[in-house]
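Participant: Here it is, the structure, as structure tokens.
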Amino acid sequence: VQLQASGGGLVQAGGSLRLSCAASGRTFDRERIGWIRKALGKERELVAAISWSTEWTHYRNSVKGRFTISRDNAKNTVYLQMNTLKPEDTAKYYCAPETGPSGGSYYYPEVGAYFGSGGQGTQVTVSS
């Protein structure tokens, strides 16, 4: 099942964007959801993740203090508030549920979990 990310765009360095991740045709299971980004020529990175209860969150070191992940389970939506954006944040951003090992999932050792590949993603471009 795919999750659809939206809210990307072109912004100047120092600006903000809010990404949304909505479940298509289903409700969220009691699963962790991650925001993943992929820049040209670079590996996928787990930017942030959040548990169903929101009691657990994880952030990549480079975004700590600038990005905030949240979720509204009643709306089947997960958000990523991105502030003080930097050119190095430029990437396509995807959201994906935690899953088991499979051909379409990726392992992130920093959280010891697999997350799916995500849907079409949303492009974030930060100009300097």
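Ordering of the structure tokens sets the chain letters (A, B, ...), residue numbers begin anew at 1 in every chain, and ligands are numbered from 1 in the order given.
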Would you list the contacts of A:Pro97 as a PyMOL selection string, taking every protein, DNA or RNA residue within 10 Å and counting only C-alpha atoms, but skipping same-chain residues closer than 3 positions in sequence?
Facilitator: chain A and resi 1-3+23+28-35+49-51+100+105+114-118
Participant: Would you mind listing what lies within 9 Å of A:Thr84 as number ranges by chain, with only C-alpha atoms counted and same-chain residues fewer than 2 positions away left out?
Facilitator: A: 13-16, 66-67, 82, 86
Participant: What would the file look like if the residues just selected were written as a PDB file, in the first residue's frame with N, CA and C atoms?
Facilitator:
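Result file follows (result_36.pdb):
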ATOM      1  N   ALA A  13      16.983  29.320   0.789  1.00  0.00           N
ATOM      2  CA  ALA A  13      17.630  28.879   2.028  1.00  0.00           C
ATOM      3  C   ALA A  13      17.109  29.711   3.195  1.00  0.00           C
ATOM      4  N   GLY A  14      16.834  29.029   4.297  1.00  0.00           N
ATOM      5  CA  GLY A  14      16.274  29.688   5.460  1.00  0.00           C
ATOM      6  C   GLY A  14      14.766  29.633   5.510  1.00  0.00           C
ATOM      7  N   GLY A  15      14.154  29.221   4.422  1.00  0.00           N
ATOM      8  CA  GLY A  15      12.707  29.148   4.358  1.00  0.00           C
ATOM      9  C   GLY A  15      12.152  27.879   4.972  1.00  0.00           C
ATOM     10  N   SER A  16      10.834  27.719   4.856  1.00  0.00           N
ATOM     11  CA  SER A  16      10.136  26.592   5.466  1.00  0.00           C
ATOM     12  C   SER A  16       9.179  25.944   4.475  1.00  0.00           C
ATOM     13  N   ARG A  66      15.597  21.488  13.334  1.00  0.00           N
ATOM     14  CA  ARG A  66      15.031  22.211  12.187  1.00  0.00           C
ATOM     15  C   ARG A  66      13.752  21.550  11.677  1.00  0.00           C
ATOM     16  N   PHE A  67      13.691  20.236  11.733  1.00  0.00           N
ATOM     17  CA  PHE A  67      12.534  19.501  11.231  1.00  0.00           C
ATOM     18  C   PHE A  67      11.742  18.936  12.400  1.00  0.00           C
ATOM     19  N   MET A  82       9.452  21.515   8.021  1.00  0.00           N
ATOM     20  CA  MET A  82      10.864  21.752   7.746  1.00  0.00           C
ATOM     21  C   MET A  82      11.148  23.245   7.819  1.00  0.00           C
ATOM     22  N   LYS A  86      18.130  24.247   4.120  1.00  0.00           N
ATOM     23  CA  LYS A  86      19.463  24.458   3.560  1.00  0.00           C
ATOM     24  C   LYS A  86      19.526  23.817   2.173  1.00  0.00           C
TER      25      LYS A  86
END
Participant: Please indicate the distance in Å from atom CA of A:Glu98 to atom CA of A:Ser53, rounded to one decimal place.
Facilitator: 14.2 Å
Participant: Can you work out which one of A:Gln4, A:Ala113, A:Thr99, A:Asp89 has the shortest atom-to-atom distance to A:Arg26, counting only C-alpha atoms?
Facilitator: A:Gln4
Participant: Using backbone DSSP assignments, extract all strand (DSSP E) residues from chain A; output them as a ChimeraX atom specification.
Facilitator: /A:3-6,9-12,17-23,33-38,45-50,57-59,67-72,77-82,91-99,105-108,113-116,122-127
Participant: Taking only C-alpha atoms into account, which of A:Ser24, A:Ser102, A:Asn73, A:Gln12 comes nearest A:Ser128?
Facilitator: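 Looking only at the distances to A:Ser128, the closest residue turns out to be A:Gln12.
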Participant: From the options A:Thr54, A:Ser127, A:Thr27, A:Thr122, which residue's atoms come nearest to A:Ser70, counting only C-alpha atoms?
Facilitator: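 Selected residue with least distance to A:Ser70: A:Thr54.
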Participant: Which residues come within 10 Å of A:Ile36, counting only C-alpha atoms, excluding same-chain residues fewer than 6 positions away, as a PyMOL selection string?
Facilitator: chain A and resi 44-49+91-96+115-118+121
Participant: Counting only C-alpha atoms, what is within 6 Å of A:Val78, bar same-chain residues fewer than 5 positions away, as a compact mmCIF listing (two decimals) with N, CA and C atoms, in the first residue's frame?
Facilitator:
# COMPACT_ATOMS: atom_id res chain seq x y z
N SER A 20 3.17 16.75 3.71
CA SER A 20 2.10 15.90 4.22
C SER A 20 2.20 14.52 3.59
N CYS A 21 1.80 13.53 4.34
CA CYS A 21 1.83 12.15 3.87
C CYS A 21 0.46 11.54 4.17
N SER A 70 5.21 14.87 12.84
CA SER A 70 4.01 14.72 13.66
C SER A 70 3.01 13.88 12.87
N ARG A 71 1.98 13.45 13.54
CA ARG A 71 0.96 12.67 12.83
C ARG A 71 -0.40 12.92 13.46
Participant: Go through A:Leu19, A:Gln123, A:Glu110, A:Leu85 and flag the residue nearest A:Gly65, using only C-alpha atoms for the distances.
Facilitator: A:Leu85
Participant: Please determine, counting only C-alpha atoms, which residue among A:Ala74, A:Val111, A:Val126, A:Leu10 has the shortest atom-to-atom distance to A:Tyr59.
Facilitator: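 Under the stated criterion, the closest residue is A:Val111.
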Participant: Give me, please, the distance in Å between atom CA of A:His58 and atom CA of A:Tyr107, quoted to one decimal.
Facilitator: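 Rounded to one decimal, the two atoms are 14.7 Å apart.
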Participant: So what do you get for atom CA of A:Gly119 versus atom CA of A:Lys38, distance-wise?
Facilitator: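 Here the two named atoms are 12.4 Å from each other.
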